[in-house]
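What follows is one structure encoded as structure tokens, with my remarks underneath.
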Amino acid sequence: MPELPEVETIVEQLKKRILGKNVVKVEVLDSIVDKPISKLTPFRIKNIYRRAKTLVFELDNGRYLFVHLRMTGHFHYLTAQQVASDKEKLVKVHRFLAAKFYFEDDGLLTYNDIRRFGFVKLFDKKQLEKELAKLGPEPLSEEFTLKMFIEMLSKKKNSVIKTLLMDQHFLAGLGNIYAQEVLYLAGIMPLRRTGTLSLEEIKELHRHIKELLELAIKHKGSTVDNYAHVDGSGNFQNYLVVYGRDKCPKGHVLKKIEIGGRGTSYCSECQK
Ligand SMILES: [Zn+2]
């Protein structure tokens, strides 16, 4: 599932292509996309941004598209020229197409989703604010200081640290991959209870969350499973130190366990 760096990458790339452009027609082909979106045209894409692992499209009519890609949701953009010459490729993905957005300049944005866990919802401002208010702070925001992190953790002393890091109501944007990575980098066992963390460990964790996410964004995210951003794929998977690995960077054999139903790798030598 795309996490913060992957969704951030997709947002940046979509902005380059469709920000400020007019949508003249929308075809909704699957119930994972709210049907009434097709009745809104024409509208302009006023803004696109990320919150946690979701994408928000702000339209010029006061409405919002709230998009969660989940496992296999994917946007594909074709310029007018590509639409004219790339018919075969479109047919190939057609089986999983959930929506098509036609632009005034003849460009085309498609949303496809093989496993159909993703969605595109149509929200008004109130609905959007209600949804976003459920989410924890953004780890890359200035608001997310060490002081804030310490306070957040002090209210969740009995939680398992890995599970807590992945909880979007606690902190926005980390999933199974980056939670494992930051815990390795900070030298913390994934099963530790939050209340047992020392101040030094919390400091390390806070620092690595910010550094790792920033680095992953630079590399346009990690390409694992089916993730592909609009231009192709990121390469941060080459830099992951525990996810999908057998050994840690120091050569110790990693242990694999399940925490909350999710496969988790850790090093019993490097993580305490
Ligand atoms: Zn190790």
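Chains: A, B, ... in order of the structure tokens. Residues: from 1 per chain. Ligands: from 1, in order shown.
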
Q | stretch 18-56 of chain A: residues DSSP assigns to strand (DSSP E), reported as JSON, numbers by chain | A | {"A": [22, 23, 24, 25, 26, 27, 28, 43, 44, 45, 46, 47, 48, 49, 50, 51, 54, 55, 56]}

Selected residues, N, CA, C and O atoms, written as a JSON list (two decimals), in the first residue's frame, please.
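That gives us again.json:
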[["chain", "number", "residue", "atom", "x", "y", "z"],
["A", 22, "ASN", "N", -9.23, 22.32, -16.68],
["A", 22, "ASN", "CA", -10.67, 22.11, -16.64],
["A", 22, "ASN", "C", -11.04, 20.69, -17.06],
["A", 22, "ASN", "O", -10.59, 20.19, -18.10],
["A", 23, "VAL", "N", -11.88, 20.08, -16.25],
["A", 23, "VAL", "CA", -12.42, 18.76, -16.59],
["A", 23, "VAL", "C", -13.77, 18.99, -17.27],
["A", 23, "VAL", "O", -14.64, 19.65, -16.71],
["A", 24, "VAL", "N", -13.93, 18.42, -18.46],
["A", 24, "VAL", "CA", -15.17, 18.67, -19.19],
["A", 24, "VAL", "C", -16.12, 17.47, -19.16],
["A", 24, "VAL", "O", -17.32, 17.60, -19.40],
["A", 25, "LYS", "N", -15.56, 16.30, -18.85],
["A", 25, "LYS", "CA", -16.42, 15.10, -18.79],
["A", 25, "LYS", "C", -15.79, 14.08, -17.84],
["A", 25, "LYS", "O", -14.57, 13.93, -17.81],
["A", 26, "VAL", "N", -16.63, 13.42, -17.07],
["A", 26, "VAL", "CA", -16.14, 12.33, -16.20],
["A", 26, "VAL", "C", -17.00, 11.09, -16.47],
["A", 26, "VAL", "O", -18.23, 11.17, -16.48],
["A", 27, "GLU", "N", -16.34, 10.00, -16.72],
["A", 27, "GLU", "CA", -17.05, 8.73, -16.84],
["A", 27, "GLU", "C", -16.75, 7.90, -15.61],
["A", 27, "GLU", "O", -15.58, 7.60, -15.33],
["A", 28, "VAL", "N", -17.78, 7.51, -14.88],
["A", 28, "VAL", "CA", -17.59, 6.65, -13.72],
["A", 28, "VAL", "C", -17.95, 5.22, -14.14],
["A", 28, "VAL", "O", -19.06, 4.95, -14.60],
["A", 43, "PHE", "N", -15.61, 21.39, -14.31],
["A", 43, "PHE", "CA", -15.01, 21.97, -13.12],
["A", 43, "PHE", "C", -13.50, 22.07, -13.32],
["A", 43, "PHE", "O", -12.94, 21.43, -14.21],
["A", 44, "ARG", "N", -12.90, 22.92, -12.50],
["A", 44, "ARG", "CA", -11.46, 23.13, -12.59],
["A", 44, "ARG", "C", -10.78, 22.49, -11.37],
["A", 44, "ARG", "O", -11.33, 22.51, -10.27],
["A", 45, "ILE", "N", -9.59, 21.91, -11.59],
["A", 45, "ILE", "CA", -8.82, 21.34, -10.47],
["A", 45, "ILE", "C", -8.06, 22.49, -9.82],
["A", 45, "ILE", "O", -7.04, 22.95, -10.33],
["A", 46, "LYS", "N", -8.59, 22.96, -8.71],
["A", 46, "LYS", "CA", -8.04, 24.16, -8.07],
["A", 46, "LYS", "C", -6.78, 23.84, -7.28],
["A", 46, "LYS", "O", -5.86, 24.64, -7.20],
["A", 47, "ASN", "N", -6.76, 22.67, -6.64],
["A", 47, "ASN", "CA", -5.59, 22.29, -5.84],
["A", 47, "ASN", "C", -5.57, 20.76, -5.67],
["A", 47, "ASN", "O", -6.62, 20.12, -5.77],
["A", 48, "ILE", "N", -4.38, 20.24, -5.44],
["A", 48, "ILE", "CA", -4.25, 18.81, -5.12],
["A", 48, "ILE", "C", -3.28, 18.72, -3.96],
["A", 48, "ILE", "O", -2.21, 19.33, -4.00],
["A", 49, "TYR", "N", -3.66, 18.01, -2.92],
["A", 49, "TYR", "CA", -2.72, 17.83, -1.81],
["A", 49, "TYR", "C", -2.89, 16.48, -1.14],
["A", 49, "TYR", "O", -3.85, 15.76, -1.39],
["A", 50, "ARG", "N", -1.90, 16.15, -0.33],
["A", 50, "ARG", "CA", -1.91, 14.90, 0.41],
["A", 50, "ARG", "C", -2.22, 15.14, 1.87],
["A", 50, "ARG", "O", -1.81, 16.16, 2.42],
["A", 51, "ARG", "N", -2.97, 14.26, 2.49],
["A", 51, "ARG", "CA", -3.11, 14.26, 3.94],
["A", 51, "ARG", "C", -3.05, 12.79, 4.35],
["A", 51, "ARG", "O", -3.86, 11.99, 3.86],
["A", 54, "THR", "N", -3.97, 9.82, 1.98],
["A", 54, "THR", "CA", -5.04, 10.13, 1.02],
["A", 54, "THR", "C", -4.68, 11.34, 0.17],
["A", 54, "THR", "O", -3.87, 12.17, 0.54],
["A", 55, "LEU", "N", -5.29, 11.39, -1.02],
["A", 55, "LEU", "CA", -5.13, 12.53, -1.92],
["A", 55, "LEU", "C", -6.43, 13.32, -1.89],
["A", 55, "LEU", "O", -7.52, 12.73, -1.88],
["A", 56, "VAL", "N", -6.31, 14.63, -1.88],
["A", 56, "VAL", "CA", -7.48, 15.49, -1.93],
["A", 56, "VAL", "C", -7.39, 16.36, -3.17],
["A", 56, "VAL", "O", -6.39, 17.05, -3.39]]

Q: Please provide the set of residues having any atom within 8 Å of stretch 143-152 of chain A, restricted to only C-alpha atoms, with same-chain residues fewer than 4 positions apart removed, written as a list in words.
A: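 The residues satisfying every condition are Pro137, Glu138, Pro139, Lys156, Phe170, Ile202, Lys203 and His206 of chain A.
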
Keeping N, CA and C atoms for every residue in the selection just given, could you write it to a file as a short mmCIF file (atom, residue, chain, number, x, y, z; two decimals), in the first residue's frame?
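Printed below is out.cif as written:
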data_model
loop_
_atom_site.label_atom_id
_atom_site.label_comp_id
_atom_site.auth_asym_id
_atom_site.auth_seq_id
_atom_site.Cartn_x
_atom_site.Cartn_y
_atom_site.Cartn_z
N PRO A 137 -1.27 14.03 13.46
CA PRO A 137 -0.45 15.06 12.82
C PRO A 137 0.39 14.52 11.66
N GLU A 138 0.76 15.42 10.78
CA GLU A 138 1.65 15.08 9.67
C GLU A 138 3.09 15.04 10.18
N PRO A 139 3.78 13.92 10.00
CA PRO A 139 5.13 13.80 10.55
C PRO A 139 6.15 14.79 9.97
N LYS A 156 -0.31 7.07 25.37
CA LYS A 156 -0.51 5.72 24.80
C LYS A 156 0.52 4.75 25.36
N PHE A 170 -3.19 8.28 15.19
CA PHE A 170 -2.09 8.71 16.06
C PHE A 170 -1.12 9.60 15.29
N ILE A 202 13.05 7.88 22.13
CA ILE A 202 11.98 8.69 21.51
C ILE A 202 12.59 9.75 20.59
N LYS A 203 13.69 10.35 21.04
CA LYS A 203 14.40 11.35 20.22
C LYS A 203 14.85 10.74 18.90
N HIS A 206 11.85 9.96 16.62
CA HIS A 206 11.32 11.19 16.03
C HIS A 206 12.22 11.69 14.88
#

Q | 9 Å contact set for stretch 208-210 of chain A, only C-alpha atoms, chain neighbours under 4 positions out, as a ChimeraX atom specification | A | /A:139-140,174,178-179,181-183,185-186,203-204,214-215

Give me, as a tab-separated table (two decimals) with all heavy atoms, in the first residue's frame, all polymer residues having an atom no more than 10 Å from A:Leu29, counting only C-alpha atoms and skipping those fewer than 3 positions away in the same chain.
chain	number	residue	atom	x	y	z
A	26	VAL	N	-16.63	13.42	-17.07
A	26	VAL	CA	-16.14	12.33	-16.20
A	26	VAL	C	-17.00	11.09	-16.47
A	26	VAL	O	-18.23	11.17	-16.48
A	26	VAL	CB	-16.25	12.69	-14.70
A	26	VAL	CG1	-15.76	11.53	-13.83
A	26	VAL	CG2	-15.46	13.96	-14.37
A	32	ILE	N	-16.62	2.02	-6.91
A	32	ILE	CA	-15.64	2.54	-5.94
A	32	ILE	C	-15.43	4.04	-6.16
A	32	ILE	O	-14.77	4.71	-5.36
A	32	ILE	CB	-14.27	1.79	-6.01
A	32	ILE	CG1	-13.65	1.87	-7.40
A	32	ILE	CG2	-14.42	0.35	-5.55
A	32	ILE	CD1	-12.22	1.32	-7.48
A	33	VAL	N	-15.96	4.57	-7.26
A	33	VAL	CA	-15.91	6.01	-7.51
A	33	VAL	C	-17.34	6.55	-7.39
A	33	VAL	O	-18.27	6.01	-7.99
A	33	VAL	CB	-15.37	6.31	-8.93
A	33	VAL	CG1	-15.36	7.81	-9.21
A	33	VAL	CG2	-13.96	5.72	-9.09
A	34	ASP	N	-17.51	7.60	-6.58
A	34	ASP	CA	-18.86	8.15	-6.39
A	34	ASP	C	-19.47	8.61	-7.73
A	34	ASP	O	-18.91	9.46	-8.41
A	34	ASP	CB	-18.81	9.34	-5.41
A	34	ASP	CG	-18.81	8.88	-3.95
A	34	ASP	OD1	-18.94	7.66	-3.72
A	34	ASP	OD2	-18.67	9.74	-3.07
A	35	LYS	N	-20.61	8.05	-8.01
A	35	LYS	CA	-21.27	8.31	-9.29
A	35	LYS	C	-21.56	9.80	-9.55
A	35	LYS	O	-21.37	10.27	-10.69
A	35	LYS	CB	-22.58	7.49	-9.32
A	35	LYS	CG	-23.27	7.44	-10.66
A	35	LYS	CD	-22.73	6.34	-11.56
A	35	LYS	CE	-23.36	6.44	-12.94
A	35	LYS	NZ	-22.55	5.82	-13.98
A	94	HIS	N	-8.01	-1.20	-19.43
A	94	HIS	CA	-9.44	-0.92	-19.44
A	94	HIS	C	-10.25	-1.81	-18.50
A	94	HIS	O	-11.22	-1.37	-17.92
A	94	HIS	CB	-9.98	-1.05	-20.87
A	94	HIS	CG	-11.30	-0.37	-21.05
A	94	HIS	ND1	-12.49	-1.05	-20.96
A	94	HIS	CD2	-11.62	0.93	-21.24
A	94	HIS	CE1	-13.49	-0.20	-21.12
A	94	HIS	NE2	-12.99	1.01	-21.28
A	96	PHE	N	-9.70	-2.72	-15.62
A	96	PHE	CA	-9.71	-2.29	-14.22
A	96	PHE	C	-10.01	-0.80	-14.09
A	96	PHE	O	-9.85	-0.24	-13.03
A	96	PHE	CB	-8.37	-2.63	-13.57
A	96	PHE	CG	-7.98	-4.05	-13.77
A	96	PHE	CD1	-6.90	-4.39	-14.57
A	96	PHE	CD2	-8.70	-5.07	-13.16
A	96	PHE	CE1	-6.55	-5.72	-14.76
A	96	PHE	CE2	-8.36	-6.40	-13.34
A	96	PHE	CZ	-7.27	-6.73	-14.14
A	97	LEU	N	-10.42	-0.19	-15.18
A	97	LEU	CA	-10.70	1.25	-15.13
A	97	LEU	C	-11.90	1.53	-14.24
A	97	LEU	O	-12.93	0.87	-14.35
A	97	LEU	CB	-10.98	1.79	-16.53
A	97	LEU	CG	-9.78	2.19	-17.38
A	97	LEU	CD1	-10.26	2.88	-18.65
A	97	LEU	CD2	-8.85	3.11	-16.61
A	98	ALA	N	-11.76	2.50	-13.35
A	98	ALA	CA	-12.87	2.86	-12.46
A	98	ALA	C	-13.44	4.22	-12.84
A	98	ALA	O	-14.60	4.49	-12.59
A	98	ALA	CB	-12.41	2.86	-11.02
A	99	ALA	N	-12.59	5.10	-13.41
A	99	ALA	CA	-13.07	6.42	-13.83
A	99	ALA	C	-12.15	7.02	-14.87
A	99	ALA	O	-10.94	6.73	-14.90
A	99	ALA	CB	-13.18	7.36	-12.63
A	100	LYS	N	-12.74	7.84	-15.73
A	100	LYS	CA	-11.96	8.60	-16.71
A	100	LYS	C	-12.32	10.07	-16.58
A	100	LYS	O	-13.51	10.43	-16.56
A	100	LYS	CB	-12.32	8.16	-18.14
A	100	LYS	CG	-11.84	6.77	-18.52
A	100	LYS	CD	-12.51	6.41	-19.84
A	100	LYS	CE	-11.72	5.42	-20.64
A	100	LYS	NZ	-12.34	5.18	-21.96
A	111	TYR	N	-8.40	6.52	-13.56
A	111	TYR	CA	-8.18	5.89	-12.26
A	111	TYR	C	-8.52	4.42	-12.44
A	111	TYR	O	-9.62	4.08	-12.86
A	111	TYR	CB	-9.06	6.52	-11.18
A	111	TYR	CG	-8.88	5.85	-9.84
A	111	TYR	CD1	-7.69	5.99	-9.14
A	111	TYR	CD2	-9.86	5.03	-9.30
A	111	TYR	CE1	-7.49	5.35	-7.92
A	111	TYR	CE2	-9.67	4.38	-8.08
A	111	TYR	CZ	-8.48	4.55	-7.40
A	111	TYR	OH	-8.28	3.90	-6.21
A	112	ASN	N	-7.56	3.54	-12.16
A	112	ASN	CA	-7.85	2.11	-12.24
A	112	ASN	C	-7.43	1.43	-10.94
A	112	ASN	O	-6.59	1.93	-10.20
A	112	ASN	CB	-7.17	1.47	-13.46
A	112	ASN	CG	-5.66	1.49	-13.36
A	112	ASN	OD1	-5.04	2.52	-13.48
A	112	ASN	ND2	-5.08	0.33	-13.12

**Q.** ligand 1 neighbours within 6 Å using only C-alpha atoms and all ligand atoms, as JSON, numbers by chain
**A.** {"A": [248, 250, 252, 267, 269, 270]}

With C-alpha atoms retained, write the just-selected residues as a PDB file, in the first residue's frame.
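Below is the file again_13.pdb, written as the result:
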ATOM      1  CA  CYS A 248      20.110  -6.260   8.485  1.00  0.00           C
ATOM      2  CA  LYS A 250      25.227  -5.324   9.767  1.00  0.00           C
ATOM      3  CA  HIS A 252      22.541 -10.233  11.263  1.00  0.00           C
ATOM      4  CA  CYS A 267      16.984  -7.517  14.146  1.00  0.00           C
ATOM      5  CA  GLU A 269      20.941  -7.688  17.759  1.00  0.00           C
ATOM      6  CA  CYS A 270      20.441  -4.098  16.592  1.00  0.00           C
TER       7      CYS A 270
END

Pull the closest atom pair for each residue of stretch 123-221 of chain A that gets at most 10 Å from stretch 57-78 of chain A, along with the distance in Å to one decimal, counting only C-alpha atoms, ordering rows by chain and then ascending residue number, as a Markdown table.
| residue | atom | partner | partner_atom | distance |
| --- | --- | --- | --- | --- |
| A:Phe123 | CA | A:Tyr64 | CA | 5.1 |
| A:Asp124 | CA | A:Arg63 | CA | 4.8 |
| A:Lys125 | CA | A:Arg63 | CA | 6.6 |
| A:Lys126 | CA | A:Arg63 | CA | 9.8 |
| A:Gln127 | CA | A:Tyr64 | CA | 9.2 |
| A:Leu128 | CA | A:Tyr64 | CA | 7.3 |
| A:Glu131 | CA | A:Phe66 | CA | 9.3 |
| A:Leu132 | CA | A:Phe66 | CA | 10.0 |

Q: Quick one: pull the distance between atom CA of A:Asn158 and atom CA of A:Arg207, Å, one decimal.
A: 22.2 Å

Q | Who sits within 8 Å of A:Arg245, only C-alpha atoms, same chain under 3 positions skipped, as a ChimeraX atom specification | A | /A:241-242,248,254,265

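The space between atom CA of A:Ser31 and atom CA of A:Phe119 spans 8.6 Å.
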
Q.
Can you tell me which residues surround A:Gly195 at a distance of at most 12 Å, considering only C-alpha atoms, apart from same-chain residues fewer than 2 positions away, and format the answer as a list in words?
A.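 Within the cut-off, the hits are Ile150, Glu151, Met152, Leu153, Ser154, Lys155, Lys156, Lys157, Asn158, Ser159, Val160, Ile161, Leu164, Leu191, Arg192, Arg193, Leu197, Ser198, Leu199, Glu201 and Ile202 of chain A.
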
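The closest residue to A:Glu3, picked from A:Pro190, A:Gly263, A:Pro42, A:Gly173 and counting only C-alpha atoms, is A:Gly173.
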
Q: Can you list, as a PyMOL selection string, all residues belonging to stretch 14-241 of chain A that DSSP tags as alpha helix (DSSP H)?
A: chain A and resi 14-18+80-85+87-93+125-133+146-154+161-166+176-185+199-218

**Q.** Of the listed residues A:Gly20, A:Gly260, A:Pro5, A:Gly187, that which approaches A:Met166 most closely, counting only C-alpha atoms
**A.** A:Gly260
